[in-house]
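Coordinates as given in model.txt (compact mmCIF, C-alpha atoms):
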# COMPACT_ATOMS: atom_id res chain seq x y z
CA MET B 1 -35.33 -67.58 -45.65
CA ALA B 2 -36.96 -66.56 -42.39
CA ILE B 3 -37.96 -62.93 -41.84
CA PHE B 4 -38.24 -61.53 -38.31
CA LYS B 5 -39.51 -57.95 -38.32
CA HIS B 6 -40.64 -55.14 -36.03
CA ILE B 7 -43.58 -53.49 -37.82
CA HIS B 8 -43.25 -49.80 -37.02
CA LYS B 9 -45.01 -48.32 -40.05
CA SER B 10 -48.46 -49.54 -41.01
CA PRO B 11 -51.93 -48.20 -41.89
CA ARG B 12 -53.02 -48.96 -38.32
CA PHE B 13 -50.37 -46.91 -36.52
CA GLY B 14 -48.95 -44.60 -39.20
CA ASP B 15 -45.29 -43.79 -38.51
CA ARG B 16 -45.47 -44.70 -34.83
CA ALA B 17 -43.29 -47.48 -33.44
CA GLY B 18 -46.21 -49.15 -31.69
CA CYS B 19 -49.45 -48.74 -29.77
CA THR B 20 -49.80 -45.52 -27.80
CA SER B 21 -53.40 -45.85 -26.57
CA ARG B 22 -56.07 -48.34 -25.58
CA GLN B 23 -57.61 -48.02 -29.04
CA ASP B 24 -54.28 -48.92 -30.71
CA VAL B 25 -53.83 -52.00 -28.52
CA ARG B 26 -57.36 -53.23 -29.21
CA ARG B 27 -56.90 -52.62 -32.94
CA LEU B 28 -53.72 -54.71 -32.91
CA MET B 29 -55.39 -57.53 -30.97
CA ASP B 30 -58.30 -57.57 -33.42
CA TYR B 31 -55.78 -57.87 -36.26
CA LEU B 32 -53.99 -60.78 -34.57
CA THR B 33 -57.18 -62.80 -34.03
CA ARG B 34 -59.12 -61.83 -37.18
CA GLU B 35 -61.10 -64.70 -38.67
CA SER B 36 -60.15 -63.89 -42.27
CA ALA B 37 -56.54 -64.88 -41.50
CA HIS B 38 -57.62 -67.99 -39.55
CA GLY B 39 -55.71 -66.53 -36.61
CA LYS B 40 -54.95 -68.94 -33.79
CA ILE B 41 -53.16 -68.13 -30.53
CA ALA B 42 -49.77 -69.87 -30.51
CA TRP B 43 -48.23 -68.25 -27.41
CA ASN B 44 -49.79 -66.26 -24.61
CA ASN B 45 -48.43 -65.52 -21.11
CA PHE B 46 -51.08 -62.91 -20.27
CA GLN B 47 -53.69 -63.76 -17.64
CA ASN B 48 -56.48 -63.21 -20.21
CA ASP B 49 -57.04 -64.93 -23.53
CA THR B 50 -59.47 -62.62 -25.32
CA PRO B 51 -58.63 -59.44 -27.30
CA ASP B 52 -60.62 -57.27 -24.89
CA GLY B 53 -59.16 -58.95 -21.80
CA ILE B 54 -55.53 -58.67 -23.04
CA THR B 55 -56.13 -55.01 -23.93
CA GLU B 56 -57.40 -54.24 -20.44
CA GLU B 57 -54.52 -56.16 -18.86
CA ILE B 58 -51.93 -54.19 -20.85
CA MET B 59 -53.51 -50.89 -19.81
CA ALA B 60 -53.62 -52.05 -16.16
CA LEU B 61 -49.93 -53.12 -16.21
CA ASP B 62 -48.82 -49.86 -17.83
CA ARG B 63 -46.88 -47.66 -15.38
CA GLY B 64 -46.42 -44.75 -17.75
CA SER B 65 -42.65 -45.23 -18.16
CA SER B 66 -43.00 -45.18 -21.96
CA LYS B 67 -45.41 -43.58 -24.37
CA TYR B 68 -45.79 -46.97 -26.09
CA LYS B 69 -48.06 -49.62 -24.60
CA ALA B 70 -47.28 -52.48 -27.00
CA TYR B 71 -45.23 -53.32 -30.08
CA HIS B 72 -46.16 -55.24 -33.22
CA PHE B 73 -43.80 -57.98 -34.45
CA MET B 74 -43.98 -60.47 -37.30
CA LEU B 75 -42.21 -63.80 -37.95
CA SER B 76 -42.41 -65.29 -41.44
CA PHE B 77 -41.10 -68.65 -42.66
CA PRO B 78 -40.78 -70.29 -46.11
CA ALA B 79 -43.70 -72.51 -47.03
CA SER B 80 -41.36 -75.42 -47.79
CA GLU B 81 -39.95 -75.28 -44.23
CA ARG B 82 -43.25 -74.95 -42.38
CA SER B 83 -43.05 -78.34 -40.66
CA GLN B 84 -39.64 -77.79 -39.08
CA TRP B 85 -40.42 -74.24 -37.95
CA GLU B 86 -43.84 -75.27 -36.62
CA ALA B 87 -42.29 -78.11 -34.64
CA ASN B 88 -39.84 -75.69 -32.96
CA LEU B 89 -42.19 -72.72 -32.65
CA ASP B 90 -42.34 -72.77 -28.84
CA LYS B 91 -38.52 -72.74 -28.63
CA VAL B 92 -38.28 -69.89 -31.15
CA LEU B 93 -40.77 -67.73 -29.24
CA GLU B 94 -39.12 -68.58 -25.91
CA ASP B 95 -35.78 -67.51 -27.39
CA PHE B 96 -37.41 -64.27 -28.58
CA ALA B 97 -38.68 -63.52 -25.07
CA GLN B 98 -35.26 -64.16 -23.52
CA ARG B 99 -33.28 -62.13 -26.07
CA PHE B 100 -35.48 -59.04 -25.78
CA ARG B 101 -36.30 -59.53 -22.07
CA VAL B 102 -40.05 -59.56 -22.80
CA HIS B 103 -42.38 -59.63 -19.79
CA ARG B 104 -45.73 -60.28 -21.54
CA MET B 105 -46.50 -61.21 -25.14
CA VAL B 106 -49.09 -62.97 -27.28
CA TRP B 107 -48.57 -64.51 -30.73
CA ALA B 108 -51.09 -65.72 -33.31
CA THR B 109 -50.55 -67.73 -36.50
CA HIS B 110 -51.91 -66.43 -39.82
CA GLU B 111 -52.64 -68.58 -42.86
CA ASP B 112 -54.03 -65.99 -45.29
CA LYS B 113 -50.85 -66.12 -47.40
CA ASP B 114 -48.77 -68.86 -48.96
CA ASN B 115 -46.05 -68.63 -46.33
CA TYR B 116 -46.43 -69.61 -42.70
CA HIS B 117 -46.16 -66.53 -40.47
CA LEU B 118 -47.09 -65.14 -37.05
CA HIS B 119 -47.98 -61.74 -35.63
CA GLY B 120 -47.22 -60.77 -32.06
CA CYS B 121 -48.33 -58.13 -29.56
CA ILE B 122 -45.43 -57.37 -27.20
CA PHE B 123 -45.98 -55.49 -23.94
CA ALA B 124 -43.68 -52.42 -24.09
CA GLN B 125 -42.42 -52.62 -20.48
CA THR B 126 -40.23 -55.00 -18.54
CA ALA B 127 -41.16 -56.89 -15.39
CA ARG B 128 -39.75 -53.97 -13.37
CA GLY B 129 -41.99 -51.49 -15.12
CA THR B 130 -39.20 -49.84 -17.11
CA LYS B 131 -39.22 -49.22 -20.85
CA LEU B 132 -38.58 -52.33 -22.95
CA ARG B 133 -35.38 -51.86 -24.96
CA LEU B 134 -35.67 -53.52 -28.34
CA GLU B 135 -31.89 -53.69 -28.84
CA THR B 136 -29.77 -56.70 -27.90
CA LYS B 137 -26.14 -56.89 -26.88
CA VAL B 138 -23.75 -59.27 -28.64
CA GLY B 139 -20.42 -59.17 -26.80
CA ASP B 140 -19.51 -55.50 -26.39
CA LYS B 141 -21.59 -54.42 -29.41
CA LEU B 142 -25.17 -53.15 -29.08
CA LEU B 143 -27.29 -54.23 -32.06
CA PRO B 144 -30.40 -52.25 -33.09
CA VAL B 145 -33.71 -54.08 -33.31
CA ALA B 146 -33.48 -54.85 -37.07
CA ALA B 147 -29.98 -56.34 -36.77
CA SER B 148 -30.98 -58.18 -33.60
CA LEU B 149 -33.96 -59.81 -35.34
CA ARG B 150 -31.84 -60.73 -38.35
CA LYS B 151 -29.22 -62.27 -36.05
CA MET B 152 -31.91 -64.33 -34.34
CA ALA B 153 -33.30 -65.50 -37.70
CA GLU B 154 -29.84 -66.52 -38.89
CA ASP B 155 -29.15 -68.43 -35.67
CA TRP B 156 -32.35 -70.45 -36.06
CA GLU B 157 -31.73 -71.00 -39.79
CA ASP B 158 -28.39 -72.55 -38.88
CA ARG B 159 -29.99 -74.62 -36.14
CA LEU B 160 -32.78 -75.93 -38.37
CA ASP B 161 -30.75 -76.14 -41.64
CA GLY B 162 -33.05 -73.60 -43.30
CA GLN B 163 -32.48 -71.30 -46.26
CA GLN B 164 -29.62 -68.89 -45.72
CA THR B 165 -30.47 -66.28 -48.36
CA GLY B 166 -29.51 -62.67 -47.67
CA ARG B 167 -26.54 -63.28 -45.39
CA SER B 168 -24.21 -60.25 -45.22
CA THR B 169 -20.48 -60.37 -44.37
CA SER B 170 -17.80 -57.73 -43.97
CA LEU B 171 -16.78 -58.20 -47.62
CA GLY B 172 -19.95 -58.66 -49.64
CA THR B 173 -23.44 -57.43 -50.39
CA SER B 174 -25.56 -56.17 -47.52
CA VAL B 175 -29.28 -56.56 -48.25
CA SER B 176 -31.92 -54.77 -46.21
CA LYS B 177 -34.93 -56.61 -44.85
CA ASP B 178 -37.19 -54.48 -47.06
CA SER B 179 -35.37 -55.73 -50.17
CA LEU B 180 -35.70 -59.31 -48.98
CA GLU B 181 -39.41 -58.90 -48.30
CA MET B 182 -40.04 -57.23 -51.65
CA ALA B 183 -38.25 -60.00 -53.55
CA HIS B 184 -40.15 -62.62 -51.56
CA ARG B 185 -43.49 -60.89 -52.23
CA GLN B 186 -42.77 -60.56 -55.97
CA HIS B 187 -41.94 -64.25 -56.11
CA ILE B 188 -45.22 -65.17 -54.40
CA GLU B 189 -47.16 -62.93 -56.80
CA GLY B 190 -45.47 -64.55 -59.81
CA LYS B 191 -43.56 -61.41 -60.85
CA SER B 192 -40.14 -62.94 -60.22
CA PRO B 193 -38.94 -66.52 -60.82
CA THR B 194 -36.93 -66.53 -57.58
CA PRO B 195 -37.28 -64.98 -54.11
CA VAL B 196 -33.61 -63.91 -54.21
CA PRO B 197 -33.08 -60.10 -54.53
CA ALA B 198 -31.51 -58.79 -57.76
CA LYS B 199 -28.34 -57.72 -55.95
CA LEU B 200 -27.70 -61.24 -54.69
CA GLN B 201 -28.42 -62.69 -58.14
CA LEU B 202 -25.84 -60.35 -59.69
CA LYS B 203 -23.35 -61.22 -56.94
CA ALA B 204 -23.82 -64.94 -57.61
CA GLU B 205 -23.27 -64.41 -61.35
CA ILE B 206 -20.08 -62.45 -60.66
CA GLU B 207 -18.82 -65.26 -58.44
CA ARG B 208 -19.39 -67.75 -61.30
CA LEU B 209 -17.58 -65.48 -63.78
CA VAL B 210 -14.55 -65.06 -61.52
CA ALA B 211 -14.42 -68.80 -60.81
CA ARG B 212 -14.38 -69.59 -64.58
CA SER B 213 -11.77 -66.96 -65.45
CA ARG B 214 -7.98 -67.23 -65.21
CA SER B 215 -7.01 -63.69 -66.19
CA PHE B 216 -8.40 -60.17 -66.43
CA ALA B 217 -8.84 -60.51 -70.19
CA GLU B 218 -10.80 -63.75 -69.80
CA LEU B 219 -12.91 -62.22 -67.03
CA GLU B 220 -13.86 -59.24 -69.23
CA SER B 221 -14.66 -61.58 -72.15
CA ASN B 222 -16.87 -63.83 -70.02
CA ALA B 223 -18.60 -60.82 -68.51
CA ARG B 224 -19.42 -59.39 -71.96
CA ASP B 225 -20.93 -62.72 -72.98
CA ALA B 226 -23.07 -62.69 -69.81
CA GLY B 227 -24.21 -59.08 -70.37
CA ILE B 228 -22.26 -57.70 -67.41
CA GLU B 229 -20.09 -54.59 -67.68
CA ILE B 230 -16.87 -54.40 -65.65
CA ARG B 231 -15.45 -50.94 -65.07
CA PHE B 232 -12.05 -50.12 -63.60
CA THR B 233 -11.70 -46.62 -62.16
CA GLU B 234 -8.44 -44.95 -61.17
CA HIS B 235 -8.73 -43.11 -57.84
CA ALA B 236 -6.16 -41.21 -55.82
CA ASN B 237 -5.75 -44.15 -53.42
CA GLY B 238 -5.76 -46.93 -56.01
CA THR B 239 -7.89 -48.70 -58.62
CA GLY B 240 -11.51 -49.59 -57.99
CA VAL B 241 -13.74 -52.07 -59.79
CA SER B 242 -17.51 -52.18 -60.28
CA PHE B 243 -19.97 -54.56 -61.97
CA SER B 244 -23.29 -53.73 -63.67
CA ASP B 245 -25.91 -55.68 -65.59
CA GLY B 246 -27.68 -52.54 -66.84
CA SER B 247 -30.16 -52.24 -63.96
CA ILE B 248 -28.15 -53.16 -60.84
CA SER B 249 -24.60 -52.07 -60.02
CA LEU B 250 -22.23 -53.45 -57.40
CA ARG B 251 -18.91 -52.09 -56.27
CA GLY B 252 -16.05 -54.54 -55.94
CA ARG B 253 -16.34 -54.76 -52.17
CA GLU B 254 -20.10 -55.39 -52.40
CA ALA B 255 -19.54 -58.15 -54.97
CA GLY B 256 -16.83 -59.74 -52.84
CA PHE B 257 -13.99 -59.03 -55.31
CA THR B 258 -11.91 -55.87 -55.02
CA PHE B 259 -9.19 -54.97 -57.53
CA GLN B 260 -6.57 -56.20 -55.06
CA THR B 261 -8.23 -59.60 -54.61
CA LEU B 262 -8.55 -60.00 -58.41
CA THR B 263 -4.87 -59.21 -58.99
CA GLN B 264 -3.93 -61.78 -56.35
CA LYS B 265 -6.25 -64.41 -57.82
CA PHE B 266 -5.08 -63.94 -61.41
CA ASN B 267 -1.46 -63.24 -60.36
CA GLU B 268 -1.38 -60.07 -62.47
CA PRO B 269 0.04 -57.16 -60.43
CA ASN B 270 -0.14 -54.80 -63.47
CA PRO B 271 -2.92 -56.02 -65.77
CA THR B 272 -3.45 -54.43 -69.19
CA ILE B 273 -6.91 -53.00 -68.59
CA VAL B 274 -8.61 -49.76 -69.51
CA ARG B 275 -8.83 -47.51 -66.48
CA SER B 276 -11.22 -44.57 -66.38
CA ARG B 277 -11.11 -41.58 -64.07
CA PRO B 278 -14.02 -40.43 -61.89
CA ASP B 279 -15.87 -37.34 -63.07
CA PRO B 280 -15.15 -34.56 -60.51
CA GLY B 281 -18.19 -32.61 -61.70
CA LEU B 282 -20.45 -35.59 -60.99
CA ALA B 283 -18.98 -36.01 -57.52
CA LYS B 284 -19.54 -32.33 -56.83
CA ARG B 285 -23.16 -32.49 -57.98
CA ASN B 286 -23.82 -35.61 -55.90
CA ARG B 287 -22.31 -34.09 -52.78
CA PRO B 288 -24.88 -33.69 -49.98
CA ARG B 289 -26.26 -30.21 -49.83
CA GLY B 290 -25.30 -29.77 -46.21
CA SER B 291 -21.61 -30.38 -47.02
CA ARG B 292 -21.38 -27.62 -49.65
CA PRO B 293 -19.79 -24.39 -48.40
CA ALA B 294 -22.38 -21.64 -48.20
CA ALA B 295 -21.64 -18.10 -49.31
CA SER B 296 -21.05 -15.64 -46.49
CA ARG B 297 -23.89 -13.21 -45.84
CA ILE B 298 -21.81 -10.91 -43.59
CA ARG B 299 -19.50 -8.30 -45.07
CA GLU B 300 -15.94 -8.11 -43.78
CA ALA B 301 -16.51 -4.65 -42.29
CA ASP B 302 -19.58 -5.87 -40.37
CA ARG B 303 -17.81 -8.78 -38.68
CA PRO B 304 -17.11 -8.41 -34.94
CA PRO B 305 -13.43 -8.29 -33.95
CA ARG B 306 -11.80 -11.67 -33.42
CA LYS B 307 -10.84 -12.86 -29.98
CA ASP B 308 -7.26 -13.29 -31.17
CA ALA B 309 -6.99 -9.68 -32.46
CA GLY B 310 -3.66 -8.21 -31.42
CA ASN B 311 -2.05 -11.60 -30.85
CA PRO B 312 1.45 -11.52 -32.43
CA ASP B 313 1.24 -15.25 -33.16
CA VAL B 314 -1.85 -14.82 -35.37
CA GLY B 315 -1.68 -12.98 -38.68
CA HIS B 316 -4.22 -11.89 -41.27
CA ARG B 317 -7.59 -13.80 -41.27
CA GLY B 318 -6.46 -16.02 -38.42
CA GLU B 319 -3.46 -17.43 -40.33
CA PRO B 320 -0.12 -17.96 -38.46
CA SER B 321 2.05 -14.86 -38.40
CA THR B 322 5.40 -14.62 -40.20
CA TYR B 323 7.23 -14.98 -36.89
CA ARG B 324 5.32 -18.17 -36.02
CA ARG B 325 5.90 -19.63 -39.49
CA LEU B 326 9.64 -18.90 -39.16
CA GLN B 327 9.73 -20.85 -35.88
CA GLU B 328 7.94 -23.82 -37.47
CA THR B 329 10.25 -23.73 -40.49
CA LEU B 330 13.40 -23.71 -38.34
CA ARG B 331 12.00 -26.57 -36.27
CA HIS B 332 11.33 -28.54 -39.47
CA ILE B 333 14.80 -27.76 -40.91
CA SER B 334 16.42 -29.33 -37.85
CA ARG B 335 14.83 -32.65 -38.81
CA VAL B 336 15.89 -32.79 -42.50
CA ASN B 337 19.29 -33.04 -44.23
CA HIS B 338 21.58 -30.04 -44.74
CA GLN B 339 21.01 -29.29 -48.44
CA ALA B 340 17.23 -29.63 -48.33
CA GLY B 341 17.07 -27.57 -45.13
CA LEU B 342 19.20 -24.77 -46.55
CA LEU B 343 17.09 -24.58 -49.70
CA GLN B 344 13.90 -24.48 -47.70
CA LEU B 345 15.31 -21.75 -45.45
CA LEU B 346 16.24 -19.57 -48.44
CA GLN B 347 12.81 -20.00 -49.96
CA PHE B 348 11.13 -19.02 -46.71
CA LEU B 349 13.37 -15.96 -46.20
CA ALA B 350 12.54 -14.74 -49.71
CA TYR B 351 8.86 -15.17 -48.95
CA ALA B 352 9.18 -13.41 -45.58
CA LEU B 353 11.05 -10.44 -47.08
CA GLU B 354 8.39 -10.09 -49.76
CA ARG B 355 5.62 -10.06 -47.13
CA MET B 356 7.49 -7.52 -45.00
CA ALA B 357 8.02 -5.22 -47.95
CA THR B 358 4.33 -5.44 -48.79
CA ALA B 359 3.39 -4.62 -45.20
CA VAL B 360 5.74 -1.61 -45.11
CA ASP B 361 4.30 -0.22 -48.33
CA TYR B 362 0.79 -0.73 -47.02
CA HIS B 363 1.38 1.13 -43.73
CA ARG B 364 3.59 3.93 -45.17
CA PRO B 365 1.72 7.27 -44.95
CA ALA B 366 0.96 8.99 -48.20
CA ARG B 367 3.09 11.98 -49.04
CA LYS B 368 1.42 15.40 -48.90
CA THR B 369 1.96 17.57 -51.96
CA ARG B 370 2.47 21.28 -51.41
CA ARG B 371 0.27 23.63 -53.31
CA PRO B 372 2.12 26.26 -55.27
CA THR B 373 1.95 29.71 -53.63
CA LEU B 374 0.84 32.57 -55.74

Could you render the structure from this file as structure tokens?
Amino acid sequence: MAIFKHIHKSPRFGDRAGCTSRQDVRRLMDYLTRESAHGKIAWNNFQNDTPDGITEEIMALDRGSSKYKAYHFMLSFPASERSQWEANLDKVLEDFAQRFRVHRMVWATHEDKDNYHLHGCIFAQTARGTKLRLETKVGDKLLPVAASLRKMAEDWEDRLDGQQTGRSTSLGTSVSKDSLEMAHRQHIEGKSPTPVPAKLQLKAEIERLVARSRSFAELESNARDAGIEIRFTEHANGTGVSFSDGSISLRGREAGFTFQTLTQKFNEPNPTIVRSRPDPGLAKRNRPRGSRPAASRIREADRPPRKDAGNPDVGHRGEPSTYRRLQETLRHISRVNHQAGLLQLLQFLAYALERMATAVDYHRPARKTRRPTL
């Protein structure tokens, strides 16, 4: 599994997307060519070939069109595939330059880890002196830099018959590059027996369970034996399914098997399964804070008059007036059958009369009581 990454957060640059000063560029060049990593220049189309010379050249080429002077990229390859990636390294880097329209760049190989990888310093401006856009366009769709790099890695994995771990489709698990890198790092450090992320391992186990099962009952039995819980939840728009091994959970769409696809596979339109209902209190607590309605801090008497005040088509609190609702009801009655329309008309007239009576009582002046004369 190859990893192509734009390093935009690091101890050298903090949260910045790249180098913003001469000091940053020189620090990045020193990192690329450091002796402890046995760094060797693998690609360089600058006029200079020393860290100080490349730094000065970048600062001289800078036209001030962007606050960034250079970007830091990293390409990492599996140790078992080093020979095939190393043999095609020039083509890979040339493809990188063409995809991102890079004007100047320098790459150095590092061998301080088990996997074969490179670090690159990319000049942040194009040949015309404009800002280098890190996105790429595939058809009519503009891909951000992370998706663009992943697409490039997948293209070269297909071309070189490399590992294809972490592929994401429209119906399946989408794994971030951070999850892939963490799983790969844990495998190198001996903390995990495989470099495959836990989500993909659970997805593979679910695929094996579904392939061995011929019914919902057999699927639930096989899942219990494997230590996987299957939960069916009844929603307003249908039944959902989720899978969990106690630490990782996947929804049906993430696992590649929705309730609809399972019913089609097992040919059971109405399976005898236990369906649970979602907890509305939990959904309310998990709702983002910004989407919760806030209490009004302005009293009704302090509110400025509405722009639609006095409009006969607008009633109390901006709601449609009785006259407007009568028009809409009559328009709707003309589109339904006779009996249903008549019933709806009678219901509306009763409601309208009740509202009119309430309004009359509200606006009727109070009677004045005469005081008895002595």

Task: Selection near segment 84-90 of chain B, 9 Å with only C-alpha atoms, sequence-local residues under 4 positions removed, as a ChimeraX atom specification - done: /B:42-43,77,94-95,116,160,162

Please produce a file of the residues just selected, as a compact mmCIF listing (two decimals), in the frame of the given file, where the atoms kept are C-alpha atoms.
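Result file follows (part16.txt):
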# COMPACT_ATOMS: atom_id res chain seq x y z
CA ALA B 42 -49.77 -69.87 -30.51
CA TRP B 43 -48.23 -68.25 -27.41
CA PHE B 77 -41.10 -68.65 -42.66
CA GLU B 94 -39.12 -68.58 -25.91
CA ASP B 95 -35.78 -67.51 -27.39
CA TYR B 116 -46.43 -69.61 -42.70
CA LEU B 160 -32.78 -75.93 -38.37
CA GLY B 162 -33.05 -73.60 -43.30

Open item on the list: Can you pull out the residues contacting segment 201-205 of chain B? Cut-off 9 Å, using all atoms listed in the file, and skip same-chain residues under 3 positions away; I want them as number ranges by chain.
Closed with: B: 172-173, 196-198, 208-210, 226, 228, 243-245, 248-250, 254-256

Open item on the list: Between atom CA of His110 of chain B and atom CA of Lys40 of chain B, what distance in Å does the model show, to one decimal?
Closed with: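 Separation between atom CA of His110 of chain B and atom CA of Lys40 of chain B: 7.2 Å.
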
Task: Point-to-point distance in Å for atom CA of Asn45 of chain B and atom CA of Tyr31 of chain B - done: 18.5 Å

Task: d(atom CA of Tyr68 of chain B, atom CA of Thr130 of chain B) in Å - done: 11.5 Å

Edge lengths and centre in Å, axis-aligned, segment 344-355 of chain B plus 8 Å each side, as AutoDock Vina command-line options:
--center_x 10.9 --center_y -17.3 --center_z -47.7 --size_x 26.6 --size_y 30.4 --size_z 20.5

Open item on the list: Given all atoms listed in the file as the basis, pick out the residue of B:Asn222, B:Gln344, B:Ser148, B:Gln264 nearest to Ile3 of chain B.
Closed with: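 Among the listed residues, the smallest separation from Ile3 of chain B belongs to B:Ser148.
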
Task: Top pick for closest residue to Leu28 of chain B, considering B:Thr55, B:Thr272, B:Asn44, B:Gln347 and counting all atoms listed in the file - done: B:Thr55
